[in-house]
$ cat coords_18.csv   # CSV, C-alpha atoms (C1' of nucleotides)
chain,number,residue,atom,x,y,z
T,33,MET,CA,222.6,-74.0,165.8
T,34,ILE,CA,225.1,-76.8,165.0
T,35,GLU,CA,228.8,-75.9,164.5
T,36,PRO,CA,230.2,-78.6,162.2
T,37,ASP,CA,233.8,-77.4,162.5
T,38,GLY,CA,233.9,-76.7,166.2
T,39,PRO,CA,235.7,-78.8,168.9
T,40,VAL,CA,232.5,-80.4,170.1
T,41,PRO,CA,231.3,-83.4,168.1
T,42,ILE,CA,228.0,-82.8,166.2
T,43,TYR,CA,226.2,-85.7,168.0
T,44,LEU,CA,227.1,-84.1,171.4
T,45,GLN,CA,225.9,-80.7,170.3
T,46,LEU,CA,222.6,-82.1,169.1
T,47,ALA,CA,222.2,-84.1,172.3
T,48,ASP,CA,222.7,-81.0,174.4
T,49,ILE,CA,220.2,-79.1,172.3
T,50,LEU,CA,217.6,-81.8,172.6
T,51,ALA,CA,218.3,-82.2,176.3
T,52,GLU,CA,217.6,-78.5,176.8
T,53,ARG,CA,214.3,-78.7,175.1
T,54,ILE,CA,213.3,-81.7,177.2
T,55,GLU,CA,214.4,-80.1,180.5
T,56,ARG,CA,212.6,-76.9,179.6
T,57,GLY,CA,209.4,-78.9,179.2
T,58,GLU,CA,209.1,-78.1,175.5
T,59,TRP,CA,208.3,-81.8,175.0
T,60,GLN,CA,206.1,-83.5,177.7
T,61,PRO,CA,206.9,-86.8,179.4
T,62,ASN,CA,205.7,-89.9,177.6
T,63,ARG,CA,205.3,-87.8,174.4
T,64,ALA,CA,207.3,-88.6,171.3
T,65,ILE,CA,210.2,-86.4,170.3
T,66,PRO,CA,210.6,-85.6,166.5
T,67,SER,CA,211.5,-88.6,164.3
T,68,GLU,CA,215.0,-89.2,163.2
T,69,THR,CA,214.1,-88.0,159.7
T,70,GLN,CA,212.6,-84.8,161.1
T,71,LEU,CA,215.8,-84.1,163.1
T,72,VAL,CA,218.0,-84.9,160.1
T,73,GLN,CA,216.1,-82.3,158.1
T,74,GLU,CA,216.0,-79.7,160.9
T,75,PHE,CA,219.7,-79.8,161.6
T,76,GLY,CA,221.1,-80.8,158.3
T,77,ILE,CA,223.2,-83.7,159.6
T,78,ALA,CA,223.4,-87.4,158.9
T,79,ARG,CA,221.0,-89.9,160.2
T,80,ASN,CA,223.6,-91.9,162.0
T,81,THR,CA,224.7,-88.8,163.8
T,82,VAL,CA,221.1,-88.2,165.0
T,83,ARG,CA,220.9,-91.8,166.2
T,84,LYS,CA,224.1,-91.3,168.1
T,85,ALA,CA,222.8,-88.2,169.8
T,86,ILE,CA,219.6,-90.0,170.8
T,87,SER,CA,221.6,-92.9,172.2
T,88,VAL,CA,223.4,-90.3,174.4
T,89,LEU,CA,220.0,-89.0,175.7
T,90,ARG,CA,219.0,-92.6,176.4
T,91,GLU,CA,222.2,-93.1,178.5
T,92,ARG,CA,221.3,-89.9,180.4
T,93,GLY,CA,217.9,-91.3,181.1
T,94,LEU,CA,216.1,-88.4,179.4
T,95,VAL,CA,214.4,-90.6,176.8
T,96,PHE,CA,213.4,-94.1,176.0
T,97,THR,CA,213.0,-95.7,172.7
T,98,VAL,CA,210.2,-98.1,171.7
T,99,PRO,CA,211.0,-100.1,168.5
T,100,GLN,CA,208.7,-99.3,165.6
T,101,ARG,CA,207.1,-96.6,167.7
T,102,GLY,CA,209.5,-93.8,168.3
T,103,THR,CA,211.6,-92.1,171.0
T,104,PHE,CA,209.7,-90.7,174.0
T,105,VAL,CA,210.5,-88.3,176.8
T,106,SER,CA,211.1,-90.1,180.1
T,107,PRO,CA,208.5,-89.6,182.8
T,108,GLN,CA,210.8,-87.8,185.2
T,109,ALA,CA,213.0,-86.1,182.5
T,110,ASN,CA,211.9,-82.6,183.4
T,111,ALA,CA,210.8,-83.0,187.0
R,92,MET,CA,260.0,-72.2,155.3
R,93,ILE,CA,261.6,-75.0,157.2
R,94,GLU,CA,265.4,-75.3,157.3
R,95,PRO,CA,266.1,-79.0,157.7
R,96,ASP,CA,269.9,-78.5,158.1
R,97,GLY,CA,269.8,-75.6,160.5
R,98,PRO,CA,270.6,-75.6,164.2
R,99,VAL,CA,267.0,-75.4,165.3
R,100,PRO,CA,265.1,-78.7,165.4
R,101,ILE,CA,262.4,-79.0,162.7
R,102,TYR,CA,259.6,-79.5,165.3
R,103,LEU,CA,260.6,-76.2,167.0
R,104,GLN,CA,260.7,-74.3,163.7
R,105,LEU,CA,257.2,-75.5,162.9
R,106,ALA,CA,256.0,-74.7,166.4
R,107,ASP,CA,257.2,-71.2,166.0
R,108,ILE,CA,255.7,-70.8,162.5
R,109,LEU,CA,252.3,-72.0,163.8
R,110,ALA,CA,252.5,-69.9,166.9
R,111,GLU,CA,253.1,-66.8,164.8
R,112,ARG,CA,250.0,-67.6,162.7
R,113,ILE,CA,247.9,-68.0,165.8
R,114,GLU,CA,249.2,-64.8,167.5
R,115,ARG,CA,248.6,-62.9,164.3
R,116,GLY,CA,245.0,-64.0,164.5
R,117,GLU,CA,245.2,-65.9,161.2
R,118,TRP,CA,243.3,-68.7,162.9
R,119,GLN,CA,240.5,-67.7,165.2
R,120,PRO,CA,239.9,-69.0,168.8
R,121,ASN,CA,238.0,-72.3,168.9
R,122,ARG,CA,238.7,-72.9,165.2
R,123,ALA,CA,240.6,-75.8,164.0
R,124,ILE,CA,244.2,-75.5,162.8
R,125,PRO,CA,245.1,-77.6,159.7
R,126,SER,CA,245.1,-81.3,160.3
R,127,GLU,CA,248.3,-83.2,160.9
R,128,THR,CA,248.1,-84.6,157.4
R,129,GLN,CA,247.7,-81.1,155.9
R,130,LEU,CA,250.7,-79.9,157.8
R,131,VAL,CA,252.7,-82.9,156.7
R,132,GLN,CA,251.9,-82.0,153.1
R,133,GLU,CA,252.5,-78.2,153.5
R,134,PHE,CA,255.9,-78.5,155.2
R,135,GLY,CA,257.1,-81.8,153.8
R,136,ILE,CA,258.0,-83.3,157.1
R,137,ALA,CA,257.1,-86.5,159.0
R,138,ARG,CA,253.8,-86.8,160.9
R,139,ASN,CA,255.6,-87.5,164.1
R,140,THR,CA,257.5,-84.3,163.8
R,141,VAL,CA,254.2,-82.4,163.2
R,142,ARG,CA,252.7,-84.0,166.3
R,143,LYS,CA,255.8,-83.0,168.3
R,144,ALA,CA,255.4,-79.4,167.2
R,145,ILE,CA,251.7,-79.4,168.1
R,146,SER,CA,252.6,-80.8,171.6
R,147,VAL,CA,254.9,-77.8,172.0
R,148,LEU,CA,252.0,-75.5,171.2
R,149,ARG,CA,249.8,-77.4,173.7
R,150,GLU,CA,252.4,-76.9,176.4
R,151,ARG,CA,252.5,-73.2,175.6
R,152,GLY,CA,248.7,-73.1,176.0
R,153,LEU,CA,248.2,-71.9,172.4
R,154,VAL,CA,246.0,-74.8,171.3
R,155,PHE,CA,244.0,-77.7,172.6
R,156,THR,CA,243.4,-81.0,170.9
R,157,VAL,CA,240.2,-83.0,170.8
R,158,PRO,CA,240.6,-86.7,169.7
R,159,GLN,CA,239.0,-87.4,166.4
R,160,ARG,CA,238.1,-83.8,165.9
R,161,GLY,CA,241.2,-81.8,165.5
R,162,THR,CA,243.5,-79.3,167.2
R,163,PHE,CA,241.9,-75.9,168.0
R,164,VAL,CA,243.2,-72.5,168.8
R,165,SER,CA,242.8,-71.8,172.5
R,166,PRO,CA,240.2,-69.1,173.5
R,167,GLN,CA,242.8,-66.6,174.7
R,168,ALA,CA,245.6,-67.5,172.4
R,169,ASN,CA,245.7,-64.2,170.5
R,170,ALA,CA,244.0,-62.0,173.1
J,131,DC,C1',223.0,-102.5,158.3
J,132,DT,C1',227.2,-101.5,155.1
J,133,DG,C1',231.1,-98.9,153.3
J,134,DT,C1',234.1,-94.9,153.0
J,135,DA,C1',236.7,-90.8,154.5
J,136,DT,C1',238.9,-88.1,158.0
J,137,DT,C1',241.5,-87.3,162.2
J,138,DT,C1',244.0,-88.1,166.2
J,139,DG,C1',246.3,-91.9,169.3
J,140,DT,C1',249.6,-95.4,169.6
J,141,DT,C1',253.4,-98.2,168.6
J,142,DC,C1',257.2,-100.1,166.3
J,143,DG,C1',261.5,-100.0,163.6
J,144,DT,C1',265.3,-97.5,161.4
J,145,DA,C1',268.8,-93.9,161.0
J,146,DT,C1',271.5,-90.0,162.4
J,147,DG,C1',274.1,-86.9,165.3
J,148,DT,C1',275.6,-85.6,169.9
J,149,DA,C1',277.1,-86.3,174.5
J,150,DT,C1',278.6,-89.2,178.0
J,151,DT,C1',281.0,-93.0,180.0
L,139,DA,C1',288.8,-96.0,170.6
L,140,DA,C1',284.4,-98.1,172.1
L,141,DA,C1',280.0,-98.5,174.1
L,142,DT,C1',276.0,-96.3,175.8
L,143,DA,C1',272.4,-93.0,176.1
L,144,DC,C1',269.5,-89.4,174.4
L,145,DA,C1',267.2,-86.4,171.1
L,146,DT,C1',265.9,-85.8,166.5
L,147,DA,C1',263.6,-87.4,162.3
L,148,DC,C1',261.5,-90.4,159.1
L,149,DG,C1',258.4,-94.3,157.8
L,150,DA,C1',254.8,-97.5,158.4
L,151,DA,C1',251.0,-99.7,160.4
L,152,DC,C1',247.0,-100.2,163.0
L,153,DA,C1',243.2,-98.6,166.4
L,154,DA,C1',239.3,-95.8,167.6
L,155,DA,C1',236.1,-92.0,167.1
L,156,DT,C1',233.5,-89.1,164.2
L,157,DA,C1',230.6,-88.2,160.2
L,158,DC,C1',228.9,-88.9,155.8
L,159,DA,C1',226.0,-91.5,152.0
$ encode --input "coords_18.csv" --output "C-alpha cells"
Amino acid sequence: MIEPDGPVPIYLQLADILAERIERGEWQPNRAIPSETQLVQEFGIARNTVRKAISVLRERGLVFTVPQRGTFVSPQANA
Amino acid sequence: MIEPDGPVPIYLQLADILAERIERGEWQPNRAIPSETQLVQEFGIARNTVRKAISVLRERGLVFTVPQRGTFVSPQANA
DNA sequence: CTGTATTTGTTCGTATGTATT
DNA sequence: AAATACATACGAACAAATACA
C-alpha cells in the first residue's frame, strides 16, 4: 500500500488512500472512520503521520473531527 | 573517482558519474538516489558542490527533487 | 505534547583561479 | 601592473518539512 521510500510523503499517500475509500462510499457520511490507532496498525506508520493525513482530509472537507469522539465522514463527502 | 586538480570541474565530474549510474539502471526510476550527505561522504567534497551536480542532473531531466524527501530518478531516465 | 533524526532549501563568508578591463 | 568580475569550491549555520518513538 504505502511506499515509504517513494517521492510522495507518507501522510499524503495515506490521505489519498482514505480519500478514495470515502469517495467510493466505503464509509458512509456521518459515520466514523477507523481510529488513529487502527490506522497506525493497518498501515504500519507513526501516529503523528496518521494525524497529519487526517488533517489533510479535514482541509479537503472530506471529514470532520469531534474531540473525544472520533473523525467522521462529511455529509456530502461522496455525493 | 573525483580528480580535484583536473581540468573538469568537480561538480561536472560528479554529475557524469551519477548520470552513468542512472543510465546503467543502477538506480531505478522513482527511487531515491543517495542523499546529499551520503554523496558528500562518498566523494569527499562539499555539499554545495554536490547540490550543483544534482542541479545539472535536474537540467538534463535525469532526476527530480522533492523537498524534504530526496532526489529521485526520473521515470524515463534509463528507458 | 515533547524530542530526535533526516533531508532539502537558503544564505553567508572565505579562498582560489581565470578572464577582462 | 591593478582592479574588477565571474566561476569554482569549501565551510558553516539555520530554516522548514517529514517521520519516528
$ closest_atom_pairs --input "coords_18.csv" --of "chain T" --to "range 112-126 of chain R" --cutoff "9 Å" --atoms "only C-alpha atoms" --output "tab-separated table"
residue	atom	partner	partner_atom	distance
T:Asp37	CA	R:Ala123	CA	7.1
T:Gly38	CA	R:Arg122	CA	6.2
T:Pro39	CA	R:Asn121	CA	6.9
$ interface_residues --input "coords_18.csv" --of "chain R" --to "chain J" --cutoff "12 Å" --atoms "all atoms listed in the file" --output "list in words"
Asp96, Pro98, Ala123, Pro125, Ser126, Glu127, Thr128, Gln129, Arg138, Asn139, Arg142, Ile145, Thr156, Val157, Pro158, Gln159, Arg160, Gly161 and Thr162 of chain R
$ closest_atom_pairs --input "coords_18.csv" --of "chain L" --to "chain T" --cutoff "8 Å" --atoms "only C-alpha atoms (C1' of nucleotides)" --output "JSON lines"
{"residue": "L:DT156", "atom": "C1'", "partner": "T:Pro41", "partner_atom": "CA", "distance": 7.2}
{"residue": "L:DA157", "atom": "C1'", "partner": "T:Thr81", "partner_atom": "CA", "distance": 6.9}
{"residue": "L:DC158", "atom": "C1'", "partner": "T:Ala78", "partner_atom": "CA", "distance": 6.5}
$ atom_distance --input "coords_18.csv" --atom1 "CA of Phe163 in chain R" --atom2 "CA of Glu111 in chain R"
14.8 Å
$ build_atoms --input "coords_18.csv" --residues "range 96-125 of chain R" --atoms "N, CA and C atoms" --output "compact mmCIF listing (two decimals), in the coordinates of the input"
# COMPACT_ATOMS: atom_id res chain seq x y z
N ASP R 96 268.50 -78.36 157.73
CA ASP R 96 269.90 -78.50 158.10
C ASP R 96 270.35 -77.45 159.10
N GLY R 97 269.42 -76.63 159.58
CA GLY R 97 269.80 -75.60 160.50
C GLY R 97 269.98 -76.07 161.90
N PRO R 98 270.38 -75.18 162.80
CA PRO R 98 270.60 -75.60 164.20
C PRO R 98 269.35 -75.81 164.98
N VAL R 99 268.26 -75.22 164.53
CA VAL R 99 267.00 -75.40 165.30
C VAL R 99 266.27 -76.62 164.80
N PRO R 100 265.84 -77.46 165.75
CA PRO R 100 265.10 -78.70 165.40
C PRO R 100 263.86 -78.33 164.55
N ILE R 101 263.54 -79.22 163.63
CA ILE R 101 262.40 -79.00 162.70
C ILE R 101 261.12 -78.77 163.50
N TYR R 102 260.91 -79.58 164.54
CA TYR R 102 259.60 -79.50 165.30
C TYR R 102 259.52 -78.13 165.97
N LEU R 103 260.67 -77.56 166.35
CA LEU R 103 260.60 -76.20 167.00
C LEU R 103 260.40 -75.13 165.95
N GLN R 104 260.99 -75.31 164.80
CA GLN R 104 260.70 -74.30 163.70
C GLN R 104 259.26 -74.30 163.39
N LEU R 105 258.66 -75.48 163.25
CA LEU R 105 257.20 -75.50 162.90
C LEU R 105 256.38 -74.94 164.01
N ALA R 106 256.72 -75.26 165.25
CA ALA R 106 256.00 -74.70 166.40
C ALA R 106 255.98 -73.19 166.34
N ASP R 107 257.12 -72.62 166.04
CA ASP R 107 257.20 -71.20 166.00
C ASP R 107 256.43 -70.58 164.84
N ILE R 108 256.46 -71.27 163.70
CA ILE R 108 255.70 -70.80 162.50
C ILE R 108 254.21 -70.80 162.85
N LEU R 109 253.73 -71.89 163.44
CA LEU R 109 252.30 -72.00 163.80
C LEU R 109 251.93 -70.99 164.86
N ALA R 110 252.81 -70.83 165.82
CA ALA R 110 252.50 -69.90 166.90
C ALA R 110 252.36 -68.47 166.36
N GLU R 111 253.17 -68.13 165.38
CA GLU R 111 253.10 -66.80 164.80
C GLU R 111 251.74 -66.60 164.10
N ARG R 112 251.32 -67.65 163.40
CA ARG R 112 250.00 -67.60 162.70
C ARG R 112 248.89 -67.39 163.71
N ILE R 113 248.99 -68.09 164.82
CA ILE R 113 247.90 -68.00 165.80
C ILE R 113 247.94 -66.59 166.44
N GLU R 114 249.13 -66.11 166.80
CA GLU R 114 249.20 -64.80 167.50
C GLU R 114 248.84 -63.67 166.55
N ARG R 115 248.98 -63.89 165.25
CA ARG R 115 248.60 -62.90 164.30
C ARG R 115 247.08 -62.90 164.05
N GLY R 116 246.41 -63.90 164.63
CA GLY R 116 245.00 -64.00 164.50
C GLY R 116 244.57 -64.64 163.14
N GLU R 117 245.55 -65.29 162.48
CA GLU R 117 245.20 -65.90 161.20
C GLU R 117 244.21 -67.05 161.41
N TRP R 118 244.28 -67.67 162.57
CA TRP R 118 243.30 -68.70 162.90
C TRP R 118 242.55 -68.23 164.18
N GLN R 119 241.27 -68.23 164.12
CA GLN R 119 240.50 -67.70 165.20
C GLN R 119 240.36 -68.68 166.37
N PRO R 120 240.12 -68.16 167.59
CA PRO R 120 239.90 -69.00 168.80
C PRO R 120 238.79 -70.01 168.54
N ASN R 121 238.99 -71.20 169.04
CA ASN R 121 238.00 -72.30 168.90
C ASN R 121 237.81 -72.77 167.49
N ARG R 122 238.68 -72.33 166.59
CA ARG R 122 238.70 -72.90 165.20
C ARG R 122 239.81 -73.81 165.06
N ALA R 123 239.62 -74.80 164.21
CA ALA R 123 240.60 -75.80 164.00
C ALA R 123 241.82 -75.30 163.21
N ILE R 124 243.00 -75.67 163.60
CA ILE R 124 244.20 -75.50 162.80
C ILE R 124 244.21 -76.59 161.73
N PRO R 125 245.03 -76.49 160.71
CA PRO R 125 245.10 -77.60 159.70
C PRO R 125 245.38 -78.91 160.36
